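Peer 1: The structure follows.
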Amino acid sequence: MRIRPVGAHALLLDCDDAEQVEAWRAELWRRRAAGDLAAVDIVPAALTVLLDGVPDPETTAARIAGWHPRATAAGADAAEVRVPTVYDGADLPAVAEHWGVDVPTVVDRLRRTRFRVAFCGFAPGFAYLAGLPPELAVPRLATPRTRVPAGSVALAGPYAGIYPAASPGGWLLVGRTEMVLFDVHADPPARLTPGTPVRLVPAS
Amino acid sequence: MIEVLRAGALTTVQDQGRPGWAHLGVPRSGALDPAALRLANRLVGNPEQAAGLEITLTGCVLRVTRAVTVALTGAPVDVYVEHPTRPGSTTGRPERDPVGPASARLGPASARLGPASARLGPASARPGPRAVAGDAEPPAGRIRRPGDVGRPLSLPAGAVLRIGPARVGVRTWLAVSGGIAVEPVLGSRSTDTLSGLGPPPLRDTDRLPLGAPTGPPAPVDLTVGPPVPAEVRLTVRPGPRRDWFTPEAVDLLCRAAYTVTPASNRVGARLAGAALPRAVAGELPSEGLVLGAVQVPPDGQPLVFLADHPTTGGYPVLGVVDDVTPLAQARPGTTVRFHGPQR
């Protein structure tokens with residue numbers, strides 16, 4: 001892990017892999033909750049953790065350099081969320097072709113995968129779900145759809161994701177869910193928060 | 001209640017934003033110049049966190065259904081208050097404030113609201129050539145008096161407030177005693193133009209609820225906001241991906257003059273100028289973004305992120321601007337220069 005400066009009020013922890021990101025994410029959230037770290041936002045991403053709104057980045061960076069995140073199982077601090085999914089996405093055949101298998105095999109792999117929310121972004125409550133092996137990464141659509149319905153379950157790169165609201169989007173659609181993923185009256189407002197284990201279980 | 005008679009090009013409800021939710025993909029949002037909105041709130045006796053309006057370029061026309069105090073800050077605009085002739089007026093002529101430079105009026109605010117028309121005559125209140133906010137003469141039975149940016153203005157129930165357009169700069173903030181009381185979303189009433197959280201931008205005929213006033217207006221005659229400079233100068237510090245650029249890129253950023261492009265908005269100020277050369281090709285995995293991040297897409301043209309910026313993004317960040325608020329007033333075509341923190 002390497003600490004990089006981000007202007008006058010922020011730091012970026014540049015990690016070696018997604019597991020290290022998750023370990024630091026959990027460690028920094030824990031330390032902030034314990035009053036051991038001051039930061040307005042702690043934002044995990046693909047290979048980094050951003051600390052924004054840090055009163056004294058230089059001193060904070062020196063302290064973080066001496067910390068060792070606990071080697072806990074990824075997502076150990078969150079309960080698993082089971083997302084009832086109807087596997088009828090328009091791009092299932094395209095995913096099957098990329099993976100060199102048939103459509104039922106794609107569905108079977110997805111429902112068996114133990115996903116974890118690596119990070120959020122793109123839109124409020126949009127979670128990047130890690131867990132597929134890197135060799136199953138799929139490209140985005142060459143031309144994004146102008147409107148992807150809310151609840152669409154989709155794949156891009158090594159991630160799965162679920163559109164919390166209707167929006168334009170270039171991910172490959174594999175299914176849909178009726179689960180509400182972002183509700184401003186809920187606490188937390190996002191159903192899928194960083195670190196949460198997720199399963200895309202077939203809807204009954 | 002505020003009734004929106006003319007919403008203008010883009011008028012949004014803004015407060016100090018919703019920081020602390022970036023890890024869920026929720027932008028910070030809030031007024032593009034938070035200090036200007038805080039000042040407007042202080043002038044009307046509101047807590048600094050109260051919600052007001054951010055008015056963009058073309059101005060807007062509003063009617064208040066109850067007596068309120070309002071204050072404007074930010075880009076200088078012409079302001080007119082239009083309301084029925086006061087009952088009990090014996091002159092037969094509408095009461096008007098004198099017209100003239102605000103600095104010439106040094107008395108307490110209450111003294112300026114008296115029947116000054118007796119001295120100066122009604123003609124003096126006619127809008128001058130640049131006073132587009134006034135539109136035509138007020139309807140019969142109504143009077144019009146000019147207001148000012150930077151001081152509390154008291155409005156009787158039923159008054160119409162005509163604001164703008166901006167004479168220079170882009171954005172003006174309006175605070176109303178009691179604050180705009182739309183339902184807060186995740187602790188903020190701000191409109192987020194990127195994610196759609198918060199109330200949608202104002203439309204004609206919208207009605208906005210007002211909260212109960214919490215304090216008296218500030219005993220202030222006039223505050224003078226920072227002038228809108230012809231050229232924006234921004235202090236920039238190293239960003240996390242400086243090593244994705246050639247060693248000359250930061251020098252180039254600080255040496256070259258950039259121009260604000262029309263594609264700029266509340267998400268970011270898009271700049272045009274010398275392309276910033278990359279040392280590393282390829283794509284950066286998505287990572288967290290901060291306010292003021294100078295992000296450089298493959299075309300080399302920098303973009304400075306403002307309040308509605310996304311919380312994660314995939315283009316490398318060369319530098320981070322200390323204070324982005326001058327960009328809130330930068331019209332397309334404005335020159336932007338960067339310099340390091342040492343100068």
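In the structure tokens, the first chain shown is A, the next is B, and so on; residue numbers restart at 1 for each chain, and ligands run from 1 in the order shown.
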Which residues of chain A come within 10 Å of chain B, and what is each one's closest atom pair and distance in Å (one decimal), counting only C-alpha atoms, sorted by chain and residue number, as a Markdown table?

Peer 2:
| residue | atom | partner | partner_atom | distance |
| --- | --- | --- | --- | --- |
| A:Ile3 | CA | B:Pro240 | CA | 8.9 |
| A:Arg4 | CA | B:Pro240 | CA | 5.4 |
| A:Pro5 | CA | B:Pro240 | CA | 5.6 |
| A:Val6 | CA | B:Gly239 | CA | 4.7 |
| A:Gly7 | CA | B:Val320 | CA | 4.7 |
| A:Ala8 | CA | B:Asp322 | CA | 6.5 |
| A:His9 | CA | B:Asp322 | CA | 8.7 |
| A:Ala10 | CA | B:Val290 | CA | 7.7 |
| A:Leu11 | CA | B:Pro240 | CA | 8.1 |
| A:Leu12 | CA | B:Pro240 | CA | 6.7 |
| A:Leu13 | CA | B:Pro240 | CA | 9.4 |
| A:Asp14 | CA | B:Pro240 | CA | 9.1 |
| A:Ala39 | CA | B:Gly20 | CA | 8.8 |
| A:Val40 | CA | B:Gly20 | CA | 5.3 |
| A:Asp41 | CA | B:Gly20 | CA | 4.9 |
| A:Ile42 | CA | B:His23 | CA | 6.4 |
| A:Val43 | CA | B:His23 | CA | 4.6 |
| A:Pro44 | CA | B:His23 | CA | 6.7 |
| A:Ala45 | CA | B:Glu287 | CA | 4.9 |
| A:Ala46 | CA | B:Ser286 | CA | 5.7 |
| A:Leu47 | CA | B:Pro285 | CA | 7.0 |
| A:Thr48 | CA | B:Glu287 | CA | 6.1 |
| A:Val49 | CA | B:Gly288 | CA | 7.1 |
| A:Leu50 | CA | B:Gly288 | CA | 5.4 |
| A:Leu51 | CA | B:Gly288 | CA | 8.5 |
| A:Asp52 | CA | B:Val290 | CA | 6.9 |
| A:Gly53 | CA | B:Val290 | CA | 9.0 |
| A:Phe119 | CA | B:His23 | CA | 7.1 |
| A:Cys120 | CA | B:Leu24 | CA | 5.2 |
| A:Gly121 | CA | B:Gly25 | CA | 4.1 |
| A:Phe122 | CA | B:Gly25 | CA | 6.4 |
| A:Ala123 | CA | B:Gly25 | CA | 5.4 |
| A:Pro124 | CA | B:Gly25 | CA | 4.3 |
| A:Gly125 | CA | B:Leu24 | CA | 5.4 |
| A:Phe126 | CA | B:Gly25 | CA | 6.8 |
| A:Ala127 | CA | B:Leu24 | CA | 7.9 |
| A:Ala165 | CA | B:Ser195 | CA | 9.8 |
| A:Ser167 | CA | B:Ser195 | CA | 9.9 |
| A:Phe182 | CA | B:Leu24 | CA | 9.4 |
| A:Asp183 | CA | B:Leu186 | CA | 9.8 |
| A:Val184 | CA | B:Leu186 | CA | 6.2 |
| A:His185 | CA | B:Leu186 | CA | 7.9 |
| A:Ala186 | CA | B:Leu186 | CA | 9.6 |
| A:Asp187 | CA | B:Leu186 | CA | 9.6 |
| A:Pro188 | CA | B:Leu24 | CA | 9.1 |
| A:Pro189 | CA | B:Leu186 | CA | 8.2 |
| A:Ala190 | CA | B:Leu24 | CA | 6.5 |
| A:Arg191 | CA | B:Leu24 | CA | 9.6 |
| A:Leu192 | CA | B:Leu24 | CA | 8.4 |
| A:Thr193 | CA | B:Leu24 | CA | 6.5 |
| A:Pro194 | CA | B:His23 | CA | 7.4 |

Peer 1: Set the distance at 7 Å and use only C-alpha atoms: which residues neighbour stretch 77-83 of chain B once local chain neighbours fewer than 4 positions away are removed? I'd like the list as a list in words.

Peer 2: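 Counting only C-alpha atoms, the residues come to Ala131, Ala133, Gly134, Arg142, Ile143, Arg144, Arg145, Pro146, Gly147, Asp148, Val149, Gly158, Ala159, Val160, Leu161, Arg162, Ile163, Gly164, Pro165, Ala166 and Arg167 of chain B.
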
Peer 1: Which residues come within 9 Å of A:Val95, counting only C-alpha atoms, excluding same-chain residues fewer than 6 positions away, as an mmCIF file with C-alpha atoms, in the first residue's frame?

Peer 2:
data_model
loop_
_atom_site.group_PDB
_atom_site.id
_atom_site.type_symbol
_atom_site.label_atom_id
_atom_site.label_comp_id
_atom_site.auth_asym_id
_atom_site.auth_seq_id
_atom_site.Cartn_x
_atom_site.Cartn_y
_atom_site.Cartn_z
ATOM 1 C CA VAL A 101 -20.668 -21.615 -22.658
ATOM 2 C CA VAL A 103 -26.967 -19.521 -21.383
ATOM 3 C CA VAL A 106 -24.038 -18.423 -17.374
ATOM 4 C CA VAL A 138 -16.864 -8.890 -20.382
ATOM 5 C CA LEU A 155 -22.112 -7.230 -16.055
ATOM 6 C CA LEU A 172 -24.519 -6.247 -20.427
ATOM 7 C CA LEU A 173 -27.990 -7.042 -19.073
ATOM 8 C CA VAL A 174 -28.361 -10.514 -17.557
#

Peer 1: One decimal, Å: what's the distance from atom CA of B:Leu306 over to atom CA of B:His339, could you say?

Peer 2: 18.4 Å

Peer 1: Just list the residues in stretch 7-142 of chain A DSSP gives helix (DSSP H, G or I) on the backbone, as a PyMOL selection string.

Peer 2: chain A and resi 18-33+57-65+92-99+103-112+134-136
